[in-house]
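Chemist: Coordinates in start-v4.txt, compact mmCIF, C-alpha atoms, are listed below.
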# COMPACT_ATOMS: atom_id res chain seq x y z
CA MET A 946 -54.70 -209.36 -61.35
CA ALA A 947 -53.08 -208.85 -57.98
CA LEU A 948 -49.94 -206.80 -57.68
CA THR A 949 -46.93 -208.57 -56.55
CA ASP A 950 -44.73 -207.27 -53.81
CA ALA A 951 -42.20 -206.25 -56.40
CA ASP A 952 -44.82 -204.20 -58.24
CA VAL A 953 -45.89 -202.52 -55.03
CA ARG A 954 -42.32 -201.66 -54.10
CA LYS A 955 -41.73 -200.33 -57.60
CA GLN A 956 -44.79 -198.07 -57.43
CA ILE A 957 -43.86 -196.87 -53.95
CA LYS A 958 -40.37 -196.16 -55.17
CA HIS A 959 -41.75 -194.31 -58.15
CA MET A 960 -44.09 -192.26 -55.95
CA MET A 961 -41.24 -191.41 -53.54
CA ALA A 962 -39.09 -190.30 -56.45
CA PHE A 963 -41.96 -188.10 -57.69
CA ILE A 964 -42.48 -186.64 -54.20
CA GLU A 965 -38.76 -186.02 -53.82
CA GLN A 966 -38.69 -184.36 -57.21
CA GLU A 967 -41.66 -182.17 -56.30
CA ALA A 968 -40.08 -181.34 -52.95
CA ALA A 969 -36.76 -180.46 -54.59
CA GLU A 970 -38.49 -178.23 -57.12
CA LYS A 971 -40.50 -176.63 -54.34
CA VAL A 972 -37.34 -176.02 -52.34
CA GLU A 973 -35.66 -174.50 -55.37
CA GLU A 974 -38.72 -172.30 -55.94
CA ILE A 975 -38.74 -171.20 -52.30
CA ASP A 976 -34.98 -170.56 -52.37
CA ALA A 977 -35.28 -168.56 -55.59
CA LYS A 978 -38.15 -166.51 -54.22
CA ALA A 979 -36.35 -165.98 -50.91
CA GLU A 980 -33.20 -164.89 -52.73
CA GLU A 981 -35.23 -162.55 -54.92
CA GLU A 982 -36.96 -161.05 -51.89
CA PHE A 983 -33.60 -160.85 -50.12
CA ASN A 984 -32.03 -159.05 -53.08
CA ILE A 985 -35.01 -156.69 -53.31
CA GLU A 986 -34.84 -155.92 -49.57
CA LYS A 987 -31.07 -155.61 -49.74
CA GLY A 988 -31.39 -153.19 -52.65
CA ARG A 989 -34.01 -151.22 -50.78
CA LEU A 990 -31.85 -151.05 -47.66
CA VAL A 991 -28.75 -150.14 -49.67
CA HIS A 992 -30.68 -147.41 -51.51
CA THR A 993 -32.11 -146.10 -48.24
CA GLN A 994 -28.71 -146.04 -46.58
CA ARG A 995 -27.14 -144.48 -49.68
CA VAL A 996 -29.77 -141.72 -49.60
CA LYS A 997 -29.17 -141.20 -45.89
CA ILE A 998 -25.41 -141.06 -46.41
CA MET A 999 -25.79 -138.61 -49.31
CA GLU A 1000 -28.14 -136.44 -47.25
CA TYR A 1001 -25.72 -136.57 -44.32
CA TYR A 1002 -22.72 -135.49 -46.39
CA GLU A 1003 -24.78 -132.91 -48.27
CA LYS A 1004 -25.81 -131.44 -44.92
CA LYS A 1005 -22.20 -131.57 -43.72
CA GLU A 1006 -21.04 -129.88 -46.92
CA LYS A 1007 -23.59 -127.09 -46.44
CA GLN A 1008 -22.51 -126.70 -42.80
CA ILE A 1009 -18.86 -126.52 -43.83
CA GLU A 1010 -19.68 -123.98 -46.57
CA GLN A 1011 -21.70 -121.89 -44.11
CA HIS A 1012 -18.89 -122.10 -41.58
CA LYS A 1013 -16.40 -120.99 -44.23
CA LYS A 1014 -18.62 -118.03 -45.14
CA ILE A 1015 -18.93 -117.03 -41.49
CA GLN A 1016 -15.17 -117.33 -41.00
CA MET A 1017 -14.49 -115.33 -44.16
CA SER A 1018 -16.94 -112.63 -43.07
CA HIS A 1019 -15.30 -112.54 -39.65
CA LEU A 1020 -11.83 -112.25 -41.20
CA LEU A 1021 -13.00 -109.49 -43.56
CA ASN A 1022 -14.55 -107.57 -40.67
CA GLN A 1023 -11.33 -107.94 -38.67
CA ALA A 1024 -9.33 -106.70 -41.65
CA ARG A 1025 -11.68 -103.72 -42.10
CA LEU A 1026 -11.42 -102.87 -38.41
CA LYS A 1027 -7.63 -103.04 -38.57
CA VAL A 1028 -7.61 -100.74 -41.62
CA LEU A 1029 -9.99 -98.30 -39.93
CA LYS A 1030 -7.91 -98.31 -36.75
CA ALA A 1031 -4.71 -97.74 -38.74
CA ARG A 1032 -6.38 -94.82 -40.52
CA ASP A 1033 -7.70 -93.37 -37.28
CA ASP A 1034 -4.26 -93.73 -35.71
CA MET A 1035 -2.71 -91.89 -38.65
CA ILE A 1036 -5.24 -89.07 -38.36
CA MET A 1037 -4.71 -88.87 -34.59
CA ASP A 1038 -0.95 -88.62 -35.18
CA LEU A 1039 -1.54 -85.77 -37.62
CA LEU A 1040 -3.81 -83.98 -35.16
CA LYS A 1041 -1.28 -84.50 -32.38
CA GLU A 1042 1.42 -83.02 -34.60
CA ALA A 1043 -0.86 -80.07 -35.42
CA GLN A 1044 -1.56 -79.63 -31.70
CA GLU A 1045 2.16 -79.52 -30.97
CA ARG A 1046 2.68 -76.94 -33.70
CA LEU A 1047 0.00 -74.71 -32.17
CA ALA A 1048 2.42 -73.85 -29.38
CA ASP A 1049 4.76 -72.29 -31.96
CA ILE A 1050 2.12 -69.74 -33.01
CA ALA A 1051 2.33 -67.76 -29.77
CA LYS A 1052 6.12 -67.68 -30.07
CA ASP A 1053 5.83 -65.30 -33.05
CA PRO A 1054 4.53 -62.04 -31.49
CA ASP A 1055 3.63 -60.34 -34.75
CA ASN A 1056 1.57 -63.21 -36.17
CA TYR A 1057 0.07 -64.06 -32.78
CA SER A 1058 -1.03 -60.46 -32.28
CA VAL A 1059 -2.85 -60.46 -35.63
CA LEU A 1060 -4.45 -63.81 -34.77
CA LEU A 1061 -5.65 -62.49 -31.40
CA GLN A 1062 -7.30 -59.54 -33.13
CA GLY A 1063 -9.22 -61.90 -35.40
CA LEU A 1064 -10.28 -64.14 -32.51
CA LEU A 1065 -11.45 -61.17 -30.46
CA LEU A 1066 -13.42 -59.66 -33.33
CA GLN A 1067 -15.09 -62.94 -34.05
CA GLY A 1068 -16.13 -63.23 -30.40
CA PHE A 1069 -17.50 -59.69 -30.38
CA TYR A 1070 -19.51 -60.29 -33.55
CA GLN A 1071 -20.99 -63.49 -32.17
CA LEU A 1072 -22.11 -61.86 -28.91
CA LEU A 1073 -23.09 -58.41 -30.22
CA GLU A 1074 -23.03 -57.06 -26.66
CA SER A 1075 -22.10 -53.62 -25.39
CA LYS A 1076 -20.09 -55.08 -22.49
CA VAL A 1077 -17.89 -58.14 -22.69
CA THR A 1078 -15.23 -59.82 -20.59
CA VAL A 1079 -12.17 -61.47 -22.09
CA ARG A 1080 -10.20 -64.29 -20.49
CA CYS A 1081 -6.73 -65.20 -21.70
CA ARG A 1082 -3.50 -66.73 -20.44
CA GLN A 1083 -1.74 -64.63 -17.85
CA GLN A 1084 1.32 -64.35 -20.08
CA ASP A 1085 -0.87 -62.95 -22.90
CA VAL A 1086 -2.55 -60.10 -20.96
CA GLU A 1087 -0.50 -57.26 -22.47
CA MET A 1088 -0.74 -58.62 -26.02
CA VAL A 1089 -4.51 -59.21 -25.64
CA GLN A 1090 -5.00 -55.70 -24.30
CA ALA A 1091 -3.14 -54.28 -27.30
CA ALA A 1092 -5.26 -56.39 -29.64
CA VAL A 1093 -8.46 -55.20 -27.88
CA ASN A 1094 -7.45 -51.59 -28.38
CA LYS A 1095 -6.95 -52.22 -32.10
CA VAL A 1096 -10.20 -54.06 -32.77
CA ILE A 1097 -12.63 -51.89 -30.76
CA PRO A 1098 -12.69 -49.13 -33.43
CA ILE A 1099 -13.13 -51.77 -36.15
CA TYR A 1100 -16.06 -53.33 -34.28
CA LYS A 1101 -17.73 -49.98 -33.59
CA GLU A 1102 -17.41 -48.93 -37.20
CA SER A 1103 -18.78 -52.27 -38.40
CA VAL A 1104 -21.84 -52.72 -36.16
CA LYS A 1105 -22.42 -49.12 -35.03
CA ILE A 1106 -22.47 -50.20 -31.37
CA ASN A 1107 -20.16 -49.04 -28.60
CA ILE A 1108 -18.44 -51.80 -26.69
CA VAL A 1109 -16.68 -51.93 -23.32
CA VAL A 1110 -14.11 -54.70 -23.02
CA LYS A 1111 -12.76 -55.91 -19.71
CA ILE A 1112 -9.90 -58.36 -19.41
CA ASP A 1113 -10.39 -60.73 -16.50
CA GLN A 1114 -7.40 -60.25 -14.20
CA GLU A 1115 -8.50 -62.84 -11.64
CA ARG A 1116 -9.29 -65.97 -13.60
CA PHE A 1117 -6.90 -66.69 -16.40
CA LEU A 1118 -6.95 -69.44 -18.97
CA PRO A 1119 -4.56 -72.32 -18.16
CA SER A 1120 -1.00 -71.36 -18.94
CA ASP A 1121 -0.33 -74.72 -20.61
CA ILE A 1122 -2.80 -74.16 -23.45
CA CYS A 1123 -1.44 -72.87 -26.74
CA GLY A 1124 -3.19 -69.49 -26.64
CA GLY A 1125 -6.31 -67.67 -27.73
CA VAL A 1126 -9.19 -66.17 -25.74
CA GLU A 1127 -12.64 -66.73 -24.29
CA VAL A 1128 -15.19 -63.92 -24.62
CA TYR A 1129 -18.19 -63.62 -22.26
CA ASN A 1130 -21.25 -61.41 -22.25
CA ASP A 1131 -21.79 -59.07 -19.29
CA ASN A 1132 -23.46 -61.65 -16.99
CA ARG A 1133 -21.09 -64.42 -18.17
CA LYS A 1134 -23.97 -66.70 -19.17
CA ILE A 1135 -22.89 -66.78 -22.81
CA LYS A 1136 -19.36 -67.71 -23.80
CA VAL A 1137 -17.48 -67.81 -27.08
CA THR A 1138 -14.47 -70.10 -26.87
CA ASN A 1139 -11.77 -69.00 -29.27
CA THR A 1140 -8.72 -70.75 -27.90
CA LEU A 1141 -6.27 -72.11 -30.44
CA GLU A 1142 -7.18 -75.66 -29.43
CA ARG A 1143 -10.87 -74.97 -30.02
CA ARG A 1144 -10.19 -73.38 -33.40
CA LEU A 1145 -8.12 -76.41 -34.42
CA GLU A 1146 -10.94 -78.70 -33.33
CA LEU A 1147 -13.53 -76.79 -35.36
CA VAL A 1148 -11.33 -76.62 -38.44
CA THR A 1149 -10.58 -80.33 -38.13
CA LEU A 1150 -14.28 -81.19 -38.06
CA GLN A 1151 -14.91 -79.03 -41.12
CA ILE A 1152 -12.12 -80.39 -43.27
CA MET A 1153 -12.02 -83.99 -42.01
CA PRO A 1154 -13.64 -85.34 -45.25
CA GLU A 1155 -10.95 -83.59 -47.30
CA ILE A 1156 -8.23 -84.93 -44.97
CA ARG A 1157 -9.50 -88.48 -45.42
CA VAL A 1158 -9.67 -88.13 -49.21
CA ALA A 1159 -6.15 -86.66 -49.29
CA LEU A 1160 -4.75 -89.49 -47.15
CA PHE A 1161 -6.76 -92.51 -48.32
CA GLY A 1162 -8.48 -91.51 -51.55
CA VAL A 1163 -12.19 -91.39 -52.33
CA ASN A 1164 -14.29 -93.99 -50.50
CA PRO A 1165 -15.95 -96.12 -53.25
CA ASN A 1166 -18.77 -97.07 -50.85
CA ARG A 1167 -19.75 -93.44 -50.25
CA LYS A 1168 -22.69 -92.50 -52.47
CA PHE A 1169 -22.92 -88.82 -51.56
CA MET A 1170 -20.18 -86.26 -51.19
CA ASP A 1171 -20.37 -83.13 -49.03
Show me this structure written as structure tokens.
Modeler:
Amino acid sequence: MALTDADVRKQIKHMMAFIEQEAAEKVEEIDAKAEEEFNIEKGRLVHTQRVKIMEYYEKKEKQIEQHKKIQMSHLLNQARLKVLKARDDMIMDLLKEAQERLADIAKDPDNYSVLLQGLLLQGFYQLLESKVTVRCRQQDVEMVQAAVNKVIPIYKESVKINIVVKIDQERFLPSDICGGVEVYNDNRKIKVTNTLERRLELVTLQIMPEIRVALFGVNPNRKFMD
């Protein structure tokens, strides 16, 4: 039985509807898959960028923390240096005051005479020579000569050696020093400096740890004490 034109058109219409349905489903499938792939890629990109951002800010945070530590260390060092300078300035002021007071010693003839005897004897004992030369300030010549006369018998009795003492009348110690003497051996190659300034310097070096403790207390960072 032959198909009529109406039957043919009906079948064609049915086939077109089927094809359109298949195409629509295929499009939906493609769209769904594309959207899924898009969402997956988007998630991957978002995660990657999130990780990069986190790494960036973590690095920045570490840099900031390191910078803060460096700044804090720098500030602490500056503070320590300021404290040390303030302490050194205080000690220098004390030494300057002690230096100024040295000049008062020579103004008391009785005490200065006794001091000169001790300085001379110490010089003699250090040299242990039979001939020595003494230098002093020009204004102290008479007092030094008197002190020499007093200590020679003491020295002879102590070391059992005769000693000849000459006071240098040509080259005097500077008149602006606070006092004291220099004692030389016979050929002047060995010298004992016993000026008041030198004695203050030596005493200062010896007792500087005690001075620092008295002024600033015990240093907690110091493991060993003299």
Chemist: What separation in Å, quoted to one decimal, exists between atom CA of Gln1090 of chain A and atom CA of Arg1143 of chain A?
Modeler: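 Separation of atom CA of Gln1090 of chain A and atom CA of Arg1143 of chain A: 20.9 Å.
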Chemist: Given all atoms listed in the file as the basis, pick out the residue of A:Ile1036, A:Val1126, A:Asp952, A:Leu1064 nearest to Pro1154 of chain A.
Modeler: A:Ile1036
Chemist: Here is a test: counting all atoms listed in the file, which residue of A:Arg995, A:Arg1133, A:Arg1080, A:Lys958 is nearest to Ile1112 of chain A?
Modeler: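 Using all atoms listed in the file, Ile1112 of chain A sits closest to A:Arg1080.
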Chemist: Quick one: pull the distance between atom CA of Asp1055 of chain A and atom CA of Pro1098 of chain A, Å, one decimal.
Modeler: 19.8 Å
Chemist: Have a look at atom CA of Gly1124 of chain A and atom CA of Pro1054 of chain A and let me know their distance in Å, one decimal.
Modeler: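 So the two atoms, atom CA of Gly1124 of chain A and atom CA of Pro1054 of chain A, lie 11.8 Å apart.
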Chemist: Nearest residue to Gly1162 of chain A out of A:Gln994, A:Lys1136, A:His1019, A:Arg1032, using all atoms listed in the file?
Modeler: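 For Gly1162 of chain A, the nearest of the given residues is A:Arg1032.
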